[in-house]
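Engineer: Input file: query.csv. Contents: CSV, C-alpha atoms.
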chain,number,residue,atom,x,y,z
A,15,MET,CA,107.9,140.2,146.1
A,16,PRO,CA,104.2,139.5,145.6
A,17,GLY,CA,104.6,140.3,141.9
A,18,PHE,CA,107.5,137.8,141.7
A,19,ARG,CA,105.4,135.1,143.4
A,20,ARG,CA,102.6,135.7,140.9
A,21,VAL,CA,105.0,135.2,137.9
A,22,VAL,CA,106.4,132.0,139.4
A,23,ALA,CA,102.8,130.7,140.0
A,24,ALA,CA,101.9,131.5,136.4
A,25,ILE,CA,105.0,129.7,135.0
A,26,SER,CA,104.3,126.7,137.2
A,27,GLY,CA,100.7,126.6,135.9
A,28,VAL,CA,101.9,126.6,132.3
A,29,MET,CA,104.5,123.9,133.0
A,30,LEU,CA,101.8,121.7,134.5
A,31,LEU,CA,99.5,122.4,131.6
A,32,TRP,CA,102.1,121.1,129.2
A,33,GLY,CA,102.9,118.0,131.3
A,34,CYS,CA,106.2,119.5,132.6
A,35,GLY,CA,107.3,119.9,136.2
A,36,PRO,CA,106.8,117.5,139.1
A,37,GLN,CA,104.3,114.7,138.5
A,38,PRO,CA,102.1,113.1,141.2
A,39,ARG,CA,103.8,110.3,143.1
A,40,PRO,CA,102.5,106.8,142.5
A,41,THR,CA,100.1,105.6,145.2
A,42,ALA,CA,100.6,102.4,147.2
A,43,GLY,CA,100.6,99.4,145.0
A,44,GLN,CA,101.2,101.4,141.8
A,45,SER,CA,104.7,101.7,140.5
A,46,ALA,CA,105.8,104.7,138.4
A,47,GLY,CA,105.7,104.1,134.6
A,48,THR,CA,104.1,100.6,134.8
A,49,ASP,CA,100.4,101.3,134.4
A,50,SER,CA,99.8,103.2,131.2
A,51,SER,CA,96.0,103.1,131.8
A,52,LYS,CA,96.5,105.6,134.7
A,53,ALA,CA,98.7,108.1,132.9
A,54,HIS,CA,98.7,111.6,134.5
A,55,GLY,CA,96.4,110.2,137.3
A,56,THR,CA,93.5,109.5,135.0
A,57,ALA,CA,92.4,105.9,134.7
A,58,PHE,CA,91.6,104.6,131.2
A,59,ASP,CA,88.2,103.0,131.0
A,60,GLU,CA,88.3,100.5,128.1
A,61,ALA,CA,84.6,99.6,128.6
A,62,SER,CA,83.5,103.1,127.6
A,63,TRP,CA,86.2,103.8,125.0
A,64,ARG,CA,85.2,103.8,121.4
A,65,PRO,CA,87.3,104.3,118.3
A,66,LEU,CA,86.6,107.4,116.2
A,67,LEU,CA,84.7,106.8,113.0
A,68,GLU,CA,84.8,108.3,109.5
A,69,LYS,CA,82.3,110.9,110.4
A,70,ASP,CA,84.7,112.1,113.1
A,71,ILE,CA,87.5,112.9,110.7
A,72,PRO,CA,88.4,116.6,111.0
A,73,PRO,CA,88.1,118.9,107.9
A,74,ASP,CA,91.7,119.9,107.8
A,75,SER,CA,95.1,118.7,106.3
A,76,LEU,CA,95.5,116.0,108.9
A,77,GLY,CA,91.9,114.9,108.2
A,78,ALA,CA,92.7,114.6,104.5
A,79,SER,CA,95.6,112.3,105.3
A,80,ILE,CA,93.4,110.2,107.7
A,81,ARG,CA,90.7,109.9,105.1
A,82,ARG,CA,93.3,108.8,102.4
A,83,GLY,CA,94.6,106.2,104.9
A,84,LEU,CA,91.1,104.9,105.5
A,85,TYR,CA,90.5,104.5,101.8
A,86,LEU,CA,93.8,102.8,101.3
A,87,ILE,CA,92.9,100.1,103.7
A,88,ARG,CA,89.4,99.8,102.2
A,89,PHE,CA,90.6,99.7,98.6
A,90,THR,CA,94.2,98.5,98.9
A,91,ASN,CA,94.6,96.5,95.7
A,92,GLU,CA,92.7,99.0,93.6
A,93,SER,CA,94.7,101.9,95.0
A,94,LEU,CA,98.1,100.3,95.0
A,95,PRO,CA,98.0,97.6,92.2
A,96,GLN,CA,101.8,97.8,91.8
A,97,ASN,CA,102.2,96.8,95.5
A,98,VAL,CA,99.2,94.4,95.8
A,99,PRO,CA,98.9,91.9,93.0
A,100,SER,CA,96.4,89.8,95.0
A,101,ASN,CA,92.7,90.7,95.2
A,102,LEU,CA,92.9,91.2,98.9
A,103,ARG,CA,92.5,94.4,100.8
A,104,CYS,CA,93.6,95.3,104.4
A,105,VAL,CA,89.9,95.1,105.4
A,106,SER,CA,89.7,91.6,104.1
A,107,CYS,CA,91.1,90.6,107.5
A,108,HIS,CA,90.8,93.8,109.5
A,109,LEU,CA,87.0,94.0,109.3
A,110,ASN,CA,84.9,97.1,110.0
A,111,ASP,CA,87.7,99.4,108.8
A,112,GLY,CA,90.1,97.8,111.3
A,113,THR,CA,87.9,98.2,114.4
A,114,LYS,CA,86.3,94.8,114.9
A,115,VAL,CA,87.7,93.1,118.0
A,116,GLU,CA,87.3,89.6,116.6
A,117,ALA,CA,89.1,90.4,113.4
A,118,ALA,CA,92.7,91.5,114.3
A,119,PRO,CA,91.7,95.1,115.1
A,120,LEU,CA,94.1,98.0,114.3
A,121,THR,CA,92.7,100.0,117.2
A,122,GLY,CA,95.3,100.9,119.8
A,123,SER,CA,98.2,99.5,117.7
A,124,HIS,CA,99.6,103.0,117.4
A,125,ALA,CA,100.1,102.9,121.2
A,126,ARG,CA,101.9,99.5,121.2
A,127,PHE,CA,104.8,100.1,118.8
A,128,PRO,CA,107.7,99.8,118.6
A,129,LYS,CA,107.5,96.3,119.9
A,130,TYR,CA,109.4,93.0,119.7
A,131,MET,CA,108.2,90.6,117.0
A,132,GLY,CA,109.3,87.0,117.4
A,133,ARG,CA,108.9,86.2,113.7
A,134,THR,CA,111.4,88.9,112.9
A,135,GLY,CA,113.6,88.4,115.9
A,136,ALA,CA,113.8,92.2,116.4
A,137,VAL,CA,112.1,95.3,117.7
A,138,ILE,CA,110.1,96.9,114.8
A,139,ASP,CA,108.1,100.0,114.4
A,140,LEU,CA,104.5,100.3,113.2
A,141,ALA,CA,105.4,101.1,109.6
A,142,GLU,CA,107.5,97.8,109.4
A,143,ARG,CA,104.5,95.9,110.8
A,144,VAL,CA,102.3,97.4,108.1
A,145,ASN,CA,104.7,96.3,105.5
A,146,TYR,CA,104.6,92.7,106.9
A,147,CYS,CA,100.9,92.8,106.0
A,148,PHE,CA,101.7,94.1,102.5
A,149,THR,CA,104.3,91.4,101.9
A,150,ARG,CA,102.7,88.5,103.7
A,151,SER,CA,98.9,88.8,104.0
A,152,LEU,CA,98.5,90.7,100.7
A,153,ALA,CA,101.2,88.7,99.0
A,154,GLY,CA,102.7,91.9,97.6
A,155,TYR,CA,105.5,94.4,98.0
A,156,ALA,CA,106.5,96.7,100.8
A,157,ILE,CA,105.8,100.4,100.4
A,158,PRO,CA,108.4,103.0,101.3
A,159,LYS,CA,108.2,104.0,105.0
A,160,THR,CA,108.6,107.7,104.0
A,161,SER,CA,105.9,107.6,101.3
A,162,ARG,CA,102.7,109.6,101.6
A,163,GLU,CA,100.8,106.4,101.4
A,164,MET,CA,102.5,104.9,104.5
A,165,GLN,CA,102.1,108.2,106.4
A,166,ASP,CA,98.4,108.2,105.5
A,167,ILE,CA,97.9,104.6,106.7
A,168,LEU,CA,99.7,105.5,110.0
A,169,ALA,CA,97.6,108.6,110.4
A,170,TYR,CA,94.4,106.6,110.1
A,171,ILE,CA,95.7,104.0,112.6
A,172,ALA,CA,96.6,106.8,115.0
A,173,PHE,CA,93.1,108.3,114.5
A,174,ILE,CA,91.3,105.1,115.5
A,175,SER,CA,93.7,104.7,118.4
A,176,LYS,CA,93.0,108.2,119.9
A,177,GLY,CA,92.8,108.1,123.7
A,178,VAL,CA,94.5,104.7,124.2
A,179,PRO,CA,97.4,105.1,126.6
A,180,VAL,CA,100.9,104.3,125.3
A,181,GLY,CA,101.6,100.6,125.9
A,182,TYR,CA,98.0,99.7,126.8
A,183,LYS,CA,96.7,96.5,125.2
A,184,LEU,CA,93.0,96.7,124.2
A,185,LYS,CA,91.0,93.6,123.9
A,186,GLY,CA,92.0,92.0,120.6
A,187,ALA,CA,95.5,93.5,120.8
A,188,ASP,CA,97.1,90.1,120.2
A,189,GLY,CA,95.4,89.8,116.8
A,190,LEU,CA,92.9,87.0,116.1
A,191,ILE,CA,91.3,85.4,119.2
A,192,SER,CA,93.1,82.2,120.2
A,193,THR,CA,90.9,79.2,119.9
A,194,PRO,CA,90.2,77.3,123.2
A,195,ASP,CA,91.0,74.0,121.5
A,196,THR,CA,93.2,73.1,118.6
A,197,LEU,CA,91.1,70.5,116.7
A,198,ASP,CA,92.1,68.1,114.0
A,199,GLY,CA,90.6,69.5,110.8
A,200,ASP,CA,89.2,67.3,108.0
A,201,GLY,CA,89.5,68.7,104.6
A,202,GLY,CA,86.8,66.5,103.1
A,203,ARG,CA,84.2,67.8,105.6
A,204,GLY,CA,85.6,71.3,105.1
A,205,GLU,CA,85.0,71.0,101.3
A,206,GLN,CA,81.3,70.2,102.0
A,207,VAL,CA,80.9,73.1,104.3
A,208,PHE,CA,82.7,75.4,101.8
A,209,LYS,CA,80.3,74.4,99.0
A,210,ALA,CA,77.2,74.9,101.2
A,211,LYS,CA,78.2,78.2,102.9
A,212,CYS,CA,81.2,79.8,101.4
A,213,GLN,CA,81.3,79.1,97.6
A,214,VAL,CA,78.5,81.6,96.9
A,215,CYS,CA,80.9,84.5,97.7
A,216,HIS,CA,84.4,83.0,97.3
A,217,GLY,CA,83.7,81.0,94.2
A,218,ALA,CA,84.0,77.3,93.3
A,219,ASN,CA,87.7,77.7,92.8
A,220,GLY,CA,88.3,80.0,95.8
A,221,GLU,CA,89.0,82.9,93.5
A,222,GLY,CA,86.7,85.5,95.2
A,223,ALA,CA,83.7,85.5,92.9
A,224,VAL,CA,81.7,88.3,94.5
A,225,PRO,CA,83.8,91.4,95.3
A,226,PRO,CA,84.9,92.3,97.9
A,227,ALA,CA,85.2,88.6,98.9
A,228,PRO,CA,88.9,87.8,98.6
A,229,ALA,CA,90.6,84.8,96.9
A,230,LEU,CA,91.2,82.0,99.5
A,231,TRP,CA,93.7,80.2,97.4
A,232,GLY,CA,95.5,80.5,94.1
A,233,PRO,CA,98.0,83.0,92.8
A,234,ARG,CA,95.9,86.0,93.9
A,235,SER,CA,95.4,84.9,97.5
A,236,TYR,CA,97.4,85.4,100.7
A,237,SER,CA,100.9,84.0,100.9
A,238,ILE,CA,102.2,81.0,102.8
A,239,GLY,CA,103.9,83.4,105.2
A,240,ALA,CA,100.6,85.0,106.2
A,241,SER,CA,99.1,84.2,109.6
A,242,MET,CA,96.0,83.1,107.8
A,243,ALA,CA,98.0,80.2,106.3
A,244,ARG,CA,98.2,78.7,109.8
A,245,ARG,CA,95.3,76.3,110.4
A,246,GLU,CA,94.4,77.6,113.9
A,247,ARG,CA,94.6,81.3,112.9
A,248,ALA,CA,92.3,80.8,109.9
A,249,ALA,CA,89.9,78.7,112.0
A,250,SER,CA,89.7,81.5,114.5
A,251,PHE,CA,88.9,84.1,111.8
A,252,ILE,CA,86.3,81.8,110.2
A,253,LYS,CA,84.6,80.9,113.6
A,254,HIS,CA,84.2,84.5,114.7
A,255,ASN,CA,83.5,86.3,111.4
A,256,MET,CA,82.2,83.9,108.7
A,257,PRO,CA,79.9,83.4,106.9
A,258,PHE,CA,79.7,87.1,106.4
A,259,ASN,CA,75.9,87.2,106.5
A,260,ASP,CA,75.8,84.9,109.6
A,261,PRO,CA,79.0,85.2,111.6
A,262,GLY,CA,79.5,82.8,114.6
A,263,SER,CA,77.0,80.3,113.2
A,264,LEU,CA,79.7,77.7,112.4
A,265,THR,CA,80.9,75.3,115.1
A,266,LEU,CA,84.6,75.3,116.0
A,267,GLN,CA,85.0,71.9,114.3
A,268,GLU,CA,83.5,73.3,111.1
A,269,ALA,CA,85.9,76.2,111.3
A,270,PHE,CA,88.9,73.9,111.6
A,271,ASP,CA,87.6,71.7,108.8
A,272,LEU,CA,87.2,74.8,106.5
A,273,SER,CA,90.6,76.0,107.5
A,274,THR,CA,92.2,72.7,106.6
A,275,PHE,CA,90.4,72.6,103.3
A,276,ILE,CA,91.3,76.1,102.3
A,277,ASN,CA,94.9,75.9,103.3
A,278,SER,CA,95.4,72.6,101.5
A,279,HIS,CA,95.4,74.5,98.1
A,280,PRO,CA,98.3,76.2,96.3
A,281,ARG,CA,99.1,79.8,97.2
A,282,PRO,CA,101.9,82.4,96.7
A,283,ASP,CA,105.3,81.9,98.2
A,284,SER,CA,106.7,84.3,100.8
A,285,PRO,CA,110.4,85.2,100.0
A,286,GLY,CA,112.6,85.0,103.1
A,287,LYS,CA,110.2,82.8,105.1
A,288,GLU,CA,113.0,80.4,106.0
A,289,LYS,CA,114.6,83.2,108.1
A,290,ASP,CA,111.5,83.6,110.3
A,291,TYR,CA,111.8,83.0,114.0
A,292,PRO,CA,115.6,83.2,114.2
A,293,ALA,CA,115.4,82.5,117.9
A,294,GLY,CA,113.0,79.6,117.4
A,295,GLY,CA,109.4,79.6,118.7
A,296,ALA,CA,107.5,79.1,115.5
A,297,ALA,CA,103.9,77.9,116.1
A,298,ALA,CA,103.3,74.2,115.7
A,299,ASP,CA,101.0,74.8,112.7
A,300,THR,CA,103.4,77.0,110.7
A,301,PRO,CA,103.3,75.5,107.2
A,302,TYR,CA,106.9,76.0,106.2
A,303,ASP,CA,110.4,75.1,107.5
A,304,THR,CA,112.2,77.6,109.7
A,305,PHE,CA,114.7,77.6,112.6
A,306,GLY,CA,114.0,74.4,114.6
A,307,HIS,CA,110.7,73.8,112.9
A,308,LYS,CA,109.5,71.4,110.2
A,309,ALA,CA,106.6,72.5,108.0
A,310,PHE,CA,103.2,71.5,109.2
A,311,ASP,CA,100.9,70.2,106.4
A,312,PRO,CA,102.3,72.5,103.7
A,313,PRO,CA,100.3,73.3,100.6
A,314,PRO,CA,101.0,71.1,97.6
A,315,ARG,CA,102.4,74.0,95.5
A,316,LEU,CA,103.6,77.5,95.9
A,317,PHE,CA,103.4,80.1,93.2
A,318,PRO,CA,106.7,82.0,92.8
A,319,HIS,CA,106.7,85.6,93.9
A,320,PRO,CA,108.3,87.9,91.3
A,321,ASN,CA,110.6,90.3,93.0
A,322,ALA,CA,111.2,92.6,90.0
A,323,LYS,CA,108.6,95.2,90.9
A,324,GLY,CA,109.7,95.8,94.4
A,325,THR,CA,110.7,94.2,97.7
A,326,ALA,CA,108.6,91.2,98.8
A,327,GLU,CA,110.6,90.8,102.0
A,328,VAL,CA,110.9,93.0,105.1
A,329,PRO,CA,114.3,92.6,106.7
A,330,ALA,CA,115.0,93.0,110.4
A,331,PRO,CA,116.2,96.5,111.2
A,332,ALA,CA,119.9,96.8,110.7
A,333,SER,CA,122.4,98.8,112.9
A,334,ILE,CA,124.0,101.9,111.5
A,335,ARG,CA,127.2,101.2,113.4
A,336,LYS,CA,130.0,100.1,111.3
A,337,SER,CA,131.2,96.6,112.0
A,338,LYS,CA,134.9,96.4,113.1
Written as structure tokens, that's how I'd like the structure from this file.
Structural biologist:
Amino acid sequence: MPGFRRVVAAISGVMLLWGCGPQPRPTAGQSAGTDSSKAHGTAFDEASWRPLLEKDIPPDSLGASIRRGLYLIRFTNESLPQNVPSNLRCVSCHLNDGTKVEAAPLTGSHARFPKYMGRTGAVIDLAERVNYCFTRSLAGYAIPKTSREMQDILAYIAFISKGVPVGYKLKGADGLISTPDTLDGDGGRGEQVFKAKCQVCHGANGEGAVPPAPALWGPRSYSIGASMARRERAASFIKHNMPFNDPGSLTLQEAFDLSTFINSHPRPDSPGKEKDYPAGGAAADTPYDTFGHKAFDPPPRLFPHPNAKGTAEVPAPASIRKSK
């Protein structure tokens, strides 16, 4: 029987190596399956965690996909002009290749999906969330979920999320940092700040004069359905990240004044926006009508979004069960 016991011990060791077999019982005060930062008995230390960088991309087939994904988010409109008619890129908002905490970081998002999205009123996966950026923030068209380009983008997001436990919310996981106060913005004051500190890069007409500075309004800017079209969201981004050569130098009031001025200009429409928030709950500064909400200070004009080249709307996931 000693030989039999050795075989059993070896099999048990392999099972534990691959995460099979009995797992440690939760200690007092810790319920099973509720603390993803302590998966397999190892605490996740966010303070010491860092996202992988371009230099860490492996020299193999997966690495080639990760690198393509990185370049797609860096050069989105140049790489996919048929999907992105605006002059924005993913990194126009997700700064530092999607790793800056104050700029809606992509880090850790691979570990947080699928998740419920109030704007959609449904549980969506990460590919669908990426397409909301394509259709809303980039004012463009969704890319096929099964395309190589989508898989490359997801590979990059998984790469910079490596080591983050499933379900764990890193700092910045909720997107742009909420402002402590919602201030009344003054577009007149905002115009003066824009001329003094923003016009040099974004142009007198907000067209994005110095690449890669994006257009802030006009037909090649973000759509009315983008988060940045909300006054508070834009103010948060401006406060923490602009001017690009001196981020954080503006007061919160100046950020709200700039946000008010920028979002008072015409921009692209967002098809299907009236179906947003089907259960209600739209933010107070949402600039268009939707369920139970009247538009807050909408722009004076919307440029129509041509649908001929592809889909400009991401529908909520549909059931495959046949209706009776």
Engineer: Using Å and a single decimal, report how far CA of Arg143 (chain A) sits from CA of Gly295 (chain A).
Structural biologist: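 Interatomic distance here is 18.8 Å.
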Engineer: Neighbouring residues of Thr149 (chain A) were defined as those with any atom within 12 Å, considering only C-alpha atoms; residues of the same chain fewer than 3 positions away were excluded. Please report them as number ranges by chain.
Structural biologist: A: 97-100, 102, 104, 142-146, 152-157, 235-241, 282-287, 319-321, 324-329
Engineer: Any idea what's packed within 6 Å of region 114-123 of chain A, counting only C-alpha atoms, ignoring anything in its chain fewer than 6 positions away? Could you give it as a ChimeraX atom specification?
Structural biologist: /A:108,174-175,178,186,189-190
Engineer: Mind pulling up the distance from CA of Pro179 (chain A) to CA of Glu60 (chain A)?
Structural biologist: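 About the pair CA of Glu60 (chain A) and CA of Pro179 (chain A): they are 10.3 Å apart.
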Engineer: I'd like the neighbourhood of Ala243 (chain A) as an MDAnalysis selection string, where a residue qualifies if any of its atoms comes within 12 Å (using only C-alpha atoms), though same-chain residues fewer than 5 positions away should be ignored.
Structural biologist: chainID A and resid 150:153 230:231 235:238 248:251 273:284 297 299:302 309:313
Engineer: Between CA of Gln213 (chain A) and CA of Ala298 (chain A), what is the distance in Å, rounded to a tenth?
Structural biologist: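 CA of Ala298 (chain A) lies at a distance of 28.9 Å from CA of Gln213 (chain A).
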Engineer: Compare A:Phe258, A:Phe127, A:Tyr182, A:Phe208 by their minimum atom-to-atom distance to Asn110 (chain A), counting all atoms listed in the file, and give me the closest one.
Structural biologist: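 Result for the nearest residue to Asn110 (chain A): A:Phe258.
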Engineer: Which one is closest to Pro318 (chain A): A:Pro225, A:Ala218, A:Thr113, A:Arg234? Count all atoms listed in the file.
Structural biologist: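 Comparing A:Pro225, A:Ala218, A:Thr113, A:Arg234 against Pro318 (chain A), the winner is A:Arg234.
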Engineer: Please determine, counting only C-alpha atoms, which residue among A:Met164, A:Pro331, A:Pro233, A:Leu84 has the shortest atom-to-atom distance to Glu221 (chain A).
Structural biologist: A:Pro233
Engineer: Closest to Phe270 (chain A) among A:Ile252, A:Gln165, A:Gly112, A:Leu94, using all atoms listed in the file?
Structural biologist: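 With all atoms listed in the file as the atom set, the closest residue is A:Ile252.
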Engineer: So, counting only C-alpha atoms, which residue among A:Tyr291, A:Phe305, A:Phe317, A:Trp63 is closest to Met131 (chain A)?
Structural biologist: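 Of the candidates, the smallest distance to Met131 (chain A) is held by A:Tyr291.
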Engineer: Counting all atoms listed in the file, find residues at most 12 Å from (107.8, 98.9, 120.8) (file frame) and give them as a VMD selection string.
Structural biologist: chain A and resid 123 to 131 136 to 143 180 to 182
